[in-house]
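> Quick one, my_file.cif (mmCIF, C-alpha atoms):
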```cif
data_input
loop_
_atom_site.group_PDB
_atom_site.id
_atom_site.type_symbol
_atom_site.label_atom_id
_atom_site.label_comp_id
_atom_site.auth_asym_id
_atom_site.auth_seq_id
_atom_site.Cartn_x
_atom_site.Cartn_y
_atom_site.Cartn_z
ATOM 1 C CA MET A 1 48.121 89.477 117.121
ATOM 2 C CA ALA A 2 50.503 90.333 119.937
ATOM 3 C CA ARG A 3 49.740 93.175 122.298
ATOM 4 C CA SER A 4 52.077 95.431 124.242
ATOM 5 C CA PRO A 5 52.181 94.145 127.858
ATOM 6 C CA GLY A 6 52.531 97.706 129.131
ATOM 7 C CA THR A 7 49.296 98.925 127.586
ATOM 8 C CA ARG A 8 47.320 95.857 128.607
ATOM 9 C CA GLY A 9 48.397 96.018 132.245
ATOM 10 C CA GLY A 10 48.751 99.771 132.648
ATOM 11 C CA PRO A 11 47.464 102.921 131.001
ATOM 12 C CA PRO A 12 47.852 103.609 127.295
ATOM 13 C CA ARG A 13 50.132 106.287 125.923
ATOM 14 C CA ALA A 14 47.253 107.283 123.621
ATOM 15 C CA LEU A 15 43.485 106.805 123.811
ATOM 16 C CA LEU A 16 41.797 106.830 120.405
ATOM 17 C CA LEU A 17 38.012 107.119 120.270
ATOM 18 C CA ASP A 18 35.350 106.422 117.704
ATOM 19 C CA HIS A 19 32.987 109.377 117.220
ATOM 20 C CA GLY A 20 29.405 108.149 116.894
ATOM 21 C CA GLY A 21 28.412 105.701 119.618
ATOM 22 C CA VAL A 22 31.419 106.518 121.806
ATOM 23 C CA LEU A 23 32.208 110.204 122.051
ATOM 24 C CA VAL A 24 28.826 111.294 120.702
ATOM 25 C CA ARG A 25 25.221 110.174 121.050
ATOM 26 C CA SER A 26 22.753 110.792 118.222
ATOM 27 C CA VAL A 27 18.979 111.208 118.152
ATOM 28 C CA LYS A 28 17.494 110.629 114.709
ATOM 29 C CA ARG A 29 15.160 113.296 113.314
ATOM 30 C CA PRO A 30 13.393 111.738 110.306
ATOM 31 C CA GLU A 31 10.712 114.444 110.463
ATOM 32 C CA ARG A 32 13.283 116.951 109.172
ATOM 33 C CA LEU A 33 14.059 115.115 105.931
ATOM 34 C CA PRO A 34 11.086 116.532 103.954
ATOM 35 C CA ALA A 35 12.362 120.081 104.556
ATOM 36 C CA PHE A 36 15.811 118.998 103.393
ATOM 37 C CA ALA A 37 14.232 117.468 100.279
ATOM 38 C CA ASP A 38 12.705 120.880 99.571
ATOM 39 C CA GLN A 39 16.220 122.393 99.649
ATOM 40 C CA VAL A 40 17.432 119.812 97.152
ATOM 41 C CA LEU A 41 14.366 120.348 94.986
ATOM 42 C CA ALA A 42 15.005 124.095 94.907
ATOM 43 C CA LEU A 43 18.531 123.383 93.664
ATOM 44 C CA ALA A 44 17.750 120.716 91.069
ATOM 45 C CA GLY A 45 14.029 120.257 90.572
ATOM 46 C CA GLY A 46 13.356 123.380 88.572
ATOM 47 C CA LEU A 47 15.698 122.163 85.897
ATOM 48 C CA THR A 48 13.921 118.914 85.159
ATOM 49 C CA GLY A 49 10.486 118.739 86.745
ATOM 50 C CA LEU A 50 11.475 116.547 89.689
ATOM 51 C CA ASP A 51 8.936 116.672 92.494
ATOM 52 C CA ARG A 52 9.295 116.564 96.261
ATOM 53 C CA GLU A 53 8.048 112.991 96.618
ATOM 54 C CA ARG A 54 10.623 111.696 94.141
ATOM 55 C CA VAL A 55 13.476 113.654 95.706
ATOM 56 C CA LEU A 56 12.581 112.554 99.235
ATOM 57 C CA HIS A 57 12.276 108.921 98.147
ATOM 58 C CA ASP A 58 15.663 108.965 96.424
ATOM 59 C CA ILE A 59 17.397 110.614 99.383
ATOM 60 C CA ARG A 60 16.085 107.877 101.656
ATOM 61 C CA ALA A 61 16.849 105.121 99.153
ATOM 62 C CA GLY A 62 20.313 106.504 98.487
ATOM 63 C CA ARG A 63 21.157 106.669 102.167
ATOM 64 C CA ALA A 64 19.928 103.091 102.614
ATOM 65 C CA ALA A 65 22.052 101.952 99.678
ATOM 66 C CA TYR A 66 25.065 103.732 101.147
ATOM 67 C CA GLY A 67 24.438 101.958 104.453
ATOM 68 C CA ASN A 68 24.302 98.613 102.661
ATOM 69 C CA TRP A 69 27.524 99.463 100.836
ATOM 70 C CA LYS A 70 29.231 100.284 104.143
ATOM 71 C CA ASN A 71 28.057 97.002 105.663
ATOM 72 C CA GLY A 72 29.260 95.156 102.586
ATOM 73 C CA THR A 73 32.784 96.479 103.063
ATOM 74 C CA ALA A 74 32.818 95.920 106.824
ATOM 75 C CA ARG A 75 35.235 92.987 106.578
ATOM 76 C CA SER A 76 37.349 94.219 103.659
ATOM 77 C CA THR A 77 41.070 94.503 104.226
ATOM 78 C CA ALA A 78 41.386 98.093 102.998
ATOM 79 C CA PRO A 79 37.986 99.649 102.236
ATOM 80 C CA ARG A 80 37.870 103.117 100.752
ATOM 81 C CA GLU A 81 35.402 105.869 101.563
ATOM 82 C CA VAL A 82 32.781 107.114 99.119
ATOM 83 C CA THR A 83 33.310 110.750 98.157
ATOM 84 C CA HIS A 84 30.617 113.372 98.604
ATOM 85 C CA ARG A 85 30.230 113.598 94.840
ATOM 86 C CA GLU A 86 29.828 109.816 94.557
ATOM 87 C CA LEU A 87 27.128 109.751 97.226
ATOM 88 C CA TRP A 88 25.003 112.194 95.279
ATOM 89 C CA ALA A 89 25.848 111.127 91.736
ATOM 90 C CA GLU A 90 25.759 107.345 92.270
ATOM 91 C CA PHE A 91 23.622 106.644 95.352
ATOM 92 C CA ILE A 92 20.966 109.374 95.472
ATOM 93 C CA ALA A 93 20.633 111.005 92.044
ATOM 94 C CA ALA A 94 21.818 108.150 89.837
ATOM 95 C CA ASP A 95 18.542 108.028 87.874
ATOM 96 C CA TRP A 96 17.751 111.731 87.797
ATOM 97 C CA PRO A 97 17.835 113.648 84.534
ATOM 98 C CA GLY A 98 21.293 114.889 83.632
ATOM 99 C CA PRO A 99 20.899 118.562 84.596
ATOM 100 C CA ALA A 100 19.504 117.718 88.059
ATOM 101 C CA ARG A 101 22.179 115.111 88.693
ATOM 102 C CA ALA A 102 24.889 117.545 87.653
ATOM 103 C CA ALA A 103 23.433 120.297 89.860
ATOM 104 C CA VAL A 104 23.491 118.246 93.073
ATOM 105 C CA THR A 105 26.855 116.678 92.274
ATOM 106 C CA ALA A 106 28.394 120.130 91.916
ATOM 107 C CA GLU A 107 27.126 121.044 95.399
ATOM 108 C CA ALA A 108 27.776 117.628 96.939
ATOM 109 C CA THR A 109 29.842 118.685 99.938
ATOM 110 C CA GLY A 110 27.376 121.343 101.043
ATOM 111 C CA LEU A 111 24.484 118.945 100.534
ATOM 112 C CA CYS A 112 26.207 116.219 102.574
ATOM 113 C CA ARG A 113 26.724 118.707 105.368
ATOM 114 C CA ALA A 114 23.068 119.785 105.275
ATOM 115 C CA LEU A 115 21.919 116.164 105.128
ATOM 116 C CA VAL A 116 23.899 115.158 108.226
ATOM 117 C CA LEU A 117 22.533 118.147 110.140
ATOM 118 C CA ALA A 118 18.988 117.310 109.068
ATOM 119 C CA GLU A 119 19.171 113.626 109.942
ATOM 120 C CA SER A 120 19.962 113.811 113.642
ATOM 121 C CA ASP A 121 20.868 115.850 116.701
ATOM 122 C CA LYS A 122 24.185 115.014 118.337
ATOM 123 C CA THR A 123 25.448 115.574 121.869
ATOM 124 C CA HIS A 124 28.651 114.587 123.626
ATOM 125 C CA ALA A 125 28.069 111.416 125.609
ATOM 126 C CA PRO A 126 27.977 111.596 129.416
ATOM 127 C CA ALA A 127 31.354 111.243 131.156
ATOM 128 C CA MET A 128 33.387 111.536 127.962
ATOM 129 C CA THR A 129 34.623 115.021 128.846
ATOM 130 C CA ASP A 130 35.789 113.553 132.147
ATOM 131 C CA VAL A 131 37.594 110.818 130.205
ATOM 132 C CA LEU A 132 39.468 113.431 128.184
ATOM 133 C CA LEU A 133 40.312 115.447 131.296
ATOM 134 C CA LEU A 134 41.649 112.346 133.050
ATOM 135 C CA CYS A 135 43.821 111.591 130.032
ATOM 136 C CA ARG A 136 45.213 115.119 130.052
ATOM 137 C CA GLU A 137 45.947 114.854 133.769
ATOM 138 C CA HIS A 138 47.976 111.682 133.242
ATOM 139 C CA GLY A 139 49.735 112.671 130.019
ATOM 140 C CA ILE A 140 47.737 110.307 127.811
ATOM 141 C CA ARG A 141 47.391 111.608 124.253
ATOM 142 C CA THR A 142 43.865 111.540 122.840
ATOM 143 C CA GLY A 143 42.207 111.524 119.451
ATOM 144 C CA ILE A 144 39.166 110.673 117.347
ATOM 145 C CA VAL A 145 39.363 107.976 114.672
ATOM 146 C CA SER A 146 36.071 107.589 112.845
ATOM 147 C CA ASN A 147 34.242 106.645 109.688
ATOM 148 C CA THR A 148 32.120 109.682 108.935
ATOM 149 C CA LEU A 149 30.418 111.418 106.049
ATOM 150 C CA VAL A 150 31.467 114.958 107.013
ATOM 151 C CA GLY A 151 34.405 115.092 109.398
ATOM 152 C CA ALA A 152 34.368 118.893 109.333
ATOM 153 C CA LEU A 153 31.089 118.839 111.275
ATOM 154 C CA ASN A 154 32.674 116.654 113.946
ATOM 155 C CA ARG A 155 35.545 119.120 114.259
ATOM 156 C CA GLU A 156 33.086 121.983 114.628
ATOM 157 C CA MET A 157 31.142 120.069 117.263
ATOM 158 C CA ALA A 158 34.313 119.380 119.241
ATOM 159 C CA ALA A 159 35.197 123.074 119.135
ATOM 160 C CA ALA A 160 31.686 124.230 120.076
ATOM 161 C CA GLY A 161 31.474 121.700 122.901
ATOM 162 C CA GLY A 162 34.774 122.788 124.381
ATOM 163 C CA ILE A 163 36.571 119.453 123.953
ATOM 164 C CA ALA A 164 38.775 120.342 120.981
ATOM 165 C CA PRO A 165 41.643 121.533 123.237
ATOM 166 C CA TYR A 166 41.729 118.038 124.799
ATOM 167 C CA LEU A 167 42.012 116.249 121.451
ATOM 168 C CA ASP A 168 45.497 115.854 119.996
ATOM 169 C CA VAL A 169 44.403 114.436 116.646
ATOM 170 C CA GLN A 170 41.219 113.855 114.638
ATOM 171 C CA VAL A 171 41.221 111.408 111.708
ATOM 172 C CA TYR A 172 38.108 110.941 109.560
ATOM 173 C CA SER A 173 37.332 108.647 106.655
ATOM 174 C CA ASP A 174 35.955 111.327 104.321
ATOM 175 C CA GLU A 175 39.148 113.377 104.720
ATOM 176 C CA THR A 176 41.578 110.498 104.165
ATOM 177 C CA GLY A 177 39.677 108.252 101.737
ATOM 178 C CA HIS A 178 40.197 105.233 104.035
ATOM 179 C CA ARG A 179 37.529 103.420 106.059
ATOM 180 C CA LYS A 180 37.618 101.100 109.033
ATOM 181 C CA PRO A 181 38.070 98.165 109.446
ATOM 182 C CA GLY A 182 41.163 98.852 107.383
ATOM 183 C CA PRO A 183 43.929 99.818 109.828
ATOM 184 C CA GLN A 184 44.970 102.994 107.994
ATOM 185 C CA LEU A 185 42.967 105.478 110.078
ATOM 186 C CA LEU A 186 44.368 104.163 113.356
ATOM 187 C CA LEU A 187 47.885 104.023 111.948
ATOM 188 C CA LEU A 188 47.596 107.622 110.748
ATOM 189 C CA ALA A 189 46.459 108.744 114.194
ATOM 190 C CA ALA A 190 49.237 106.866 115.991
ATOM 191 C CA ARG A 191 51.818 108.322 113.608
ATOM 192 C CA ALA A 192 50.477 111.835 114.176
ATOM 193 C CA LEU A 193 50.890 111.291 117.927
ATOM 194 C CA ASN A 194 54.382 109.815 117.502
ATOM 195 C CA THR A 195 53.109 106.756 119.343
ATOM 196 C CA ASP A 196 53.410 103.064 118.543
ATOM 197 C CA PRO A 197 49.957 101.549 117.860
ATOM 198 C CA ALA A 198 50.774 98.889 120.468
ATOM 199 C CA ASP A 199 50.809 101.691 123.050
ATOM 200 C CA CYS A 200 47.310 102.883 122.077
ATOM 201 C CA TRP A 201 43.856 101.837 123.159
ATOM 202 C CA TYR A 202 41.063 102.065 120.618
ATOM 203 C CA VAL A 203 37.471 102.476 121.802
ATOM 204 C CA GLY A 204 34.656 101.744 119.348
ATOM 205 C CA ASP A 205 31.070 100.525 119.388
ATOM 206 C CA ASN A 206 31.094 98.053 116.496
ATOM 207 C CA TYR A 207 32.507 94.531 116.278
ATOM 208 C CA ASP A 208 33.171 94.356 112.535
ATOM 209 C CA ARG A 209 34.506 97.863 112.029
ATOM 210 C CA ASP A 210 36.093 98.859 115.330
ATOM 211 C CA VAL A 211 37.326 95.671 116.986
ATOM 212 C CA VAL A 212 38.634 94.322 113.689
ATOM 213 C CA CYS A 213 40.286 97.663 112.900
ATOM 214 C CA GLY A 214 42.028 97.743 116.272
ATOM 215 C CA ILE A 215 43.361 94.227 115.853
ATOM 216 C CA ARG A 216 44.567 94.907 112.327
ATOM 217 C CA ALA A 217 46.384 98.016 113.531
ATOM 218 C CA ASN A 218 47.876 95.999 116.446
ATOM 219 C CA VAL A 219 46.700 98.421 119.119
ATOM 220 C CA GLY A 220 47.499 97.585 122.721
ATOM 221 C CA ARG A 221 43.853 97.155 123.704
ATOM 222 C CA THR A 222 40.568 97.069 121.828
ATOM 223 C CA VAL A 223 37.727 98.410 123.953
ATOM 224 C CA LEU A 224 34.127 97.887 122.865
ATOM 225 C CA MET A 225 31.638 100.410 124.252
ATOM 226 C CA ARG A 226 28.210 98.843 123.960
ATOM 227 C CA PRO A 227 25.149 98.412 126.211
ATOM 228 C CA GLU A 228 24.941 94.999 127.811
ATOM 229 C CA ASP A 229 21.792 94.065 125.900
ATOM 230 C CA ARG A 230 23.582 94.692 122.577
ATOM 231 C CA LEU A 231 26.606 92.496 123.215
ATOM 232 C CA ASP A 232 27.117 89.517 120.923
ATOM 233 C CA PRO A 233 29.069 86.661 122.518
ATOM 234 C CA THR A 234 29.160 84.875 119.146
ATOM 235 C CA ALA A 235 30.893 87.739 117.320
ATOM 236 C CA HIS A 236 34.437 87.183 116.158
ATOM 237 C CA PRO A 237 36.821 88.612 117.022
ATOM 238 C CA GLN A 238 35.917 89.717 120.518
ATOM 239 C CA PRO A 239 37.381 92.890 122.066
ATOM 240 C CA ASP A 240 39.988 92.822 124.803
ATOM 241 C CA THR A 241 37.657 94.777 127.095
ATOM 242 C CA VAL A 242 33.976 95.732 127.171
ATOM 243 C CA VAL A 243 32.530 98.849 128.797
ATOM 244 C CA HIS A 244 28.897 99.825 128.596
ATOM 245 C CA ASP A 245 29.200 103.618 128.537
ATOM 246 C CA GLY A 246 31.442 106.587 129.234
ATOM 247 C CA GLU A 247 31.311 105.962 132.966
ATOM 248 C CA GLY A 248 32.619 102.466 132.388
ATOM 249 C CA LEU A 249 35.474 103.789 130.248
ATOM 250 C CA LEU A 250 36.292 106.401 132.884
ATOM 251 C CA GLU A 251 36.471 103.721 135.568
ATOM 252 C CA LEU A 252 38.673 101.540 133.354
ATOM 253 C CA LEU A 253 41.100 104.412 132.838
ATOM 254 C CA ARG A 254 41.099 105.329 136.526
ATOM 255 C CA SER A 255 41.991 101.774 137.391
ATOM 256 C CA ALA A 256 44.780 101.701 134.790
ATOM 257 C CA THR A 257 46.256 105.040 135.847
ATOM 258 C CA THR A 258 46.392 104.132 139.541
ATOM 259 C CA GLY A 259 47.783 100.635 139.071
ATOM 260 C CA PRO A 260 51.352 99.453 139.789
ATOM 261 C CA ASP A 261 52.443 99.809 136.133
ATOM 262 C CA THR A 262 52.028 103.597 136.016
ATOM 263 C CA ALA A 263 55.204 104.727 137.692
ATOM 264 C CA ASP A 264 57.656 103.986 134.875
ATOM 265 C CA ARG A 265 55.676 104.933 131.777
ATOM 266 C CA GLY A 266 58.169 107.521 130.599
ATOM 267 C CA ASP A 267 57.693 109.703 127.565
ATOM 268 C CA PRO A 268 56.282 108.399 124.269
ATOM 269 C CA ALA A 269 58.911 107.231 121.827
#
```
Could you write out this file's structure as structure tokens?


Amino acid sequence: MARSPGTRGGPPRALLLDHGGVLVRSVKRPERLPAFADQVLALAGGLTGLDRERVLHDIRAGRAAYGNWKNGTARSTAPREVTHRELWAEFIAADWPGPARAAVTAEATGLCRALVLAESDKTHAPAMTDVLLLCREHGIRTGIVSNTLVGALNREMAAAGGIAPYLDVQVYSDETGHRKPGPQLLLLAARALNTDPADCWYVGDNYDRDVVCGIRANVGRTVLMRPEDRLDPTAHPQPDTVVHDGEGLLELLRSATTGPDTADRGDPA
């Protein structure tokens, strides 16, 4: 697909970022899942005689099945997101007795939130605050566009980490019902910023979901953020640009904002 010459040679009018793997780094905490299983058991187990081992197994199996489902839709033209209720009713508790299944389904959103918090610790990636500050300095709009189970937690993290004031839009799959690589999330973000997608850069860490999504949305530049040892030269399509971390993205933006094409950017349409 065609790209906007202005965004490829100069800075974007909007920089849209994936959440996990770009803006945020995660450290998995599998040792915390048994305690979470105890919470689920307290909610549902007393009704039916479920035990901790069964609950813990089904949480792990359900999450694995959800991961397989996500991978299976990674090339779909317009994949939808699974709802919180579906995750618990169909992926985790599908074979539980009726009362237990109904109990967790009724509390699905709270359980999804607790599950995400139990699974990993998240921190903002190095240099990404500097990226957002540079964008603000040069009048580049910014936003998050991400597949996520609980977007509300990402919003809370942005607020707690002090970066929310530097984000002009946040678009999440669980809140819209759409998933990447469908272009809808990027198109929603561009529309919210009153910016043509061709004047946006999209930065993601995944070939199938992020690069494909950016191309389908006709963004000005797809940027893949991925360590050098995880690059795949055989993947198709390839991104327009590769950076290895936040420092690399910061340098890319610095170069774009000090180049010869920056003087006549004007205001976004």

> Could you state which residues are captured by the PyMOL selection byres ((chain A and resi 212) around 10) in this file, as an mmCIF file with C-alpha atoms, in the frame of the given file?


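Wrote result-v4.cif, looks like this:
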```
data_model
loop_
_atom_site.group_PDB
_atom_site.id
_atom_site.type_symbol
_atom_site.label_atom_id
_atom_site.label_comp_id
_atom_site.auth_asym_id
_atom_site.auth_seq_id
_atom_site.Cartn_x
_atom_site.Cartn_y
_atom_site.Cartn_z
ATOM 1 C CA ALA A 74 32.818 95.920 106.824
ATOM 2 C CA ARG A 75 35.235 92.987 106.578
ATOM 3 C CA THR A 77 41.070 94.503 104.226
ATOM 4 C CA LYS A 180 37.618 101.100 109.033
ATOM 5 C CA PRO A 181 38.070 98.165 109.446
ATOM 6 C CA GLY A 182 41.163 98.852 107.383
ATOM 7 C CA PRO A 183 43.929 99.818 109.828
ATOM 8 C CA ASN A 206 31.094 98.053 116.496
ATOM 9 C CA TYR A 207 32.507 94.531 116.278
ATOM 10 C CA ASP A 208 33.171 94.356 112.535
ATOM 11 C CA ARG A 209 34.506 97.863 112.029
ATOM 12 C CA ASP A 210 36.093 98.859 115.330
ATOM 13 C CA VAL A 211 37.326 95.671 116.986
ATOM 14 C CA CYS A 213 40.286 97.663 112.900
ATOM 15 C CA GLY A 214 42.028 97.743 116.272
ATOM 16 C CA ILE A 215 43.361 94.227 115.853
ATOM 17 C CA ARG A 216 44.567 94.907 112.327
ATOM 18 C CA ALA A 217 46.384 98.016 113.531
ATOM 19 C CA ASN A 218 47.876 95.999 116.446
ATOM 20 C CA THR A 222 40.568 97.069 121.828
ATOM 21 C CA HIS A 236 34.437 87.183 116.158
ATOM 22 C CA PRO A 237 36.821 88.612 117.022
ATOM 23 C CA GLN A 238 35.917 89.717 120.518
ATOM 24 C CA PRO A 239 37.381 92.890 122.066
#
```

> Identify which of the residues A:Arg54, A:Lys122, A:Lys28, A:Arg136 lies closest to Trp96 of chain A, counting all atoms listed in the file when measuring atom-to-atom distances.

A:Arg54

> Which residues would end up in the selection if the PyMOL selection byres ((chain A and resi 230) around 12) were applied here, given that I need the answer as JSON, numbers by chain?

{"A": [205, 206, 207, 224, 225, 226, 227, 228, 229, 231, 232, 233, 234, 235, 242, 243, 244]}

> Can you write out the residues you just picked, keeping C-alpha atoms, as an mmCIF file, in the coordinates of the input?


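Output below, filename result_16.cif:
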```cif
data_model
loop_
_atom_site.group_PDB
_atom_site.id
_atom_site.type_symbol
_atom_site.label_atom_id
_atom_site.label_comp_id
_atom_site.auth_asym_id
_atom_site.auth_seq_id
_atom_site.Cartn_x
_atom_site.Cartn_y
_atom_site.Cartn_z
ATOM 1 C CA ASP A 205 31.070 100.525 119.388
ATOM 2 C CA ASN A 206 31.094 98.053 116.496
ATOM 3 C CA TYR A 207 32.507 94.531 116.278
ATOM 4 C CA LEU A 224 34.127 97.887 122.865
ATOM 5 C CA MET A 225 31.638 100.410 124.252
ATOM 6 C CA ARG A 226 28.210 98.843 123.960
ATOM 7 C CA PRO A 227 25.149 98.412 126.211
ATOM 8 C CA GLU A 228 24.941 94.999 127.811
ATOM 9 C CA ASP A 229 21.792 94.065 125.900
ATOM 10 C CA LEU A 231 26.606 92.496 123.215
ATOM 11 C CA ASP A 232 27.117 89.517 120.923
ATOM 12 C CA PRO A 233 29.069 86.661 122.518
ATOM 13 C CA THR A 234 29.160 84.875 119.146
ATOM 14 C CA ALA A 235 30.893 87.739 117.320
ATOM 15 C CA VAL A 242 33.976 95.732 127.171
ATOM 16 C CA VAL A 243 32.530 98.849 128.797
ATOM 17 C CA HIS A 244 28.897 99.825 128.596
#
```

> Mind checking which residues fall within 12 Å of Leu117 of chain A, counting all atoms listed in the file, ignoring those fewer than 4 positions away in the same chain, and posting them as a PyMOL selection string?

chain A and resi 26-30+32-33+35-36+110-113+121-122+149-150+152-154+157

> May I ask for the distance between atom CA of Leu16 of chain A and atom CA of Thr258 of chain A, given in Å to one decimal place?

19.9 Å

> I need the residue nearest Leu23 of chain A from this list: A:Ala159, A:Cys200, A:Asp245, A:Thr105. Use only C-alpha atoms for the distance.

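Nearest candidate to Leu23 of chain A out of A:Ala159, A:Cys200, A:Asp245, A:Thr105: A:Asp245.
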
> If we count only C-alpha atoms and set the cut-off at 10 Å, which residues sit around Pro97 of chain A, ignoring sequence neighbours fewer than 5 positions away in its own chain? Please answer as a ChimeraX atom specification.

/A:44-45,47-50,102

> Let me make sure I understand: among A:Thr129, A:Asn194, A:Asn147, A:Thr73, which one has the smallest atom-to-atom distance to Glu247 of chain A if we use all atoms listed in the file?

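Looking only at the distances to Glu247 of chain A, the closest residue turns out to be A:Thr129.
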
> Between atom CA of Gly46 of chain A and atom CA of Gly67 of chain A, what distance in Å does the model show, to one decimal?

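Atom CA of Gly67 of chain A lies at a distance of 28.9 Å from atom CA of Gly46 of chain A.
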
> Identify which of the residues A:Val145, A:Val169, A:Ala198, A:Ala37 lies closest to Ala114 of chain A, counting all atoms listed in the file when measuring atom-to-atom distances.

A:Ala37

> Please identify all polymer residues lying at most 7 Å from the point (45.9, 105.4, 122.4) (file coordinates), using all atoms listed in the file, and present the result as an NGL selection string.

:A and (12-16 or 141-142 or 199-202)

> Which is closer to Thr83 of chain A than all the others in A:Gly62, A:Gly151, A:Gly220, A:Gly177, using all atoms listed in the file?

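That would be A:Gly177, the residue with the smallest distance to Thr83 of chain A.
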
> Compare A:Leu115, A:Ile92, A:Leu43, A:Leu186 by their minimum atom-to-atom distance to Ser146 of chain A, counting all atoms listed in the file, and give me the closest one.

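The closest residue to Ser146 of chain A is A:Leu186.
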
> Expressed in Å to a single decimal, how great is the separation between atom CA of Ile59 of chain A and atom CA of Ala93 of chain A?

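About the pair atom CA of Ile59 of chain A and atom CA of Ala93 of chain A: they are 8.0 Å apart.
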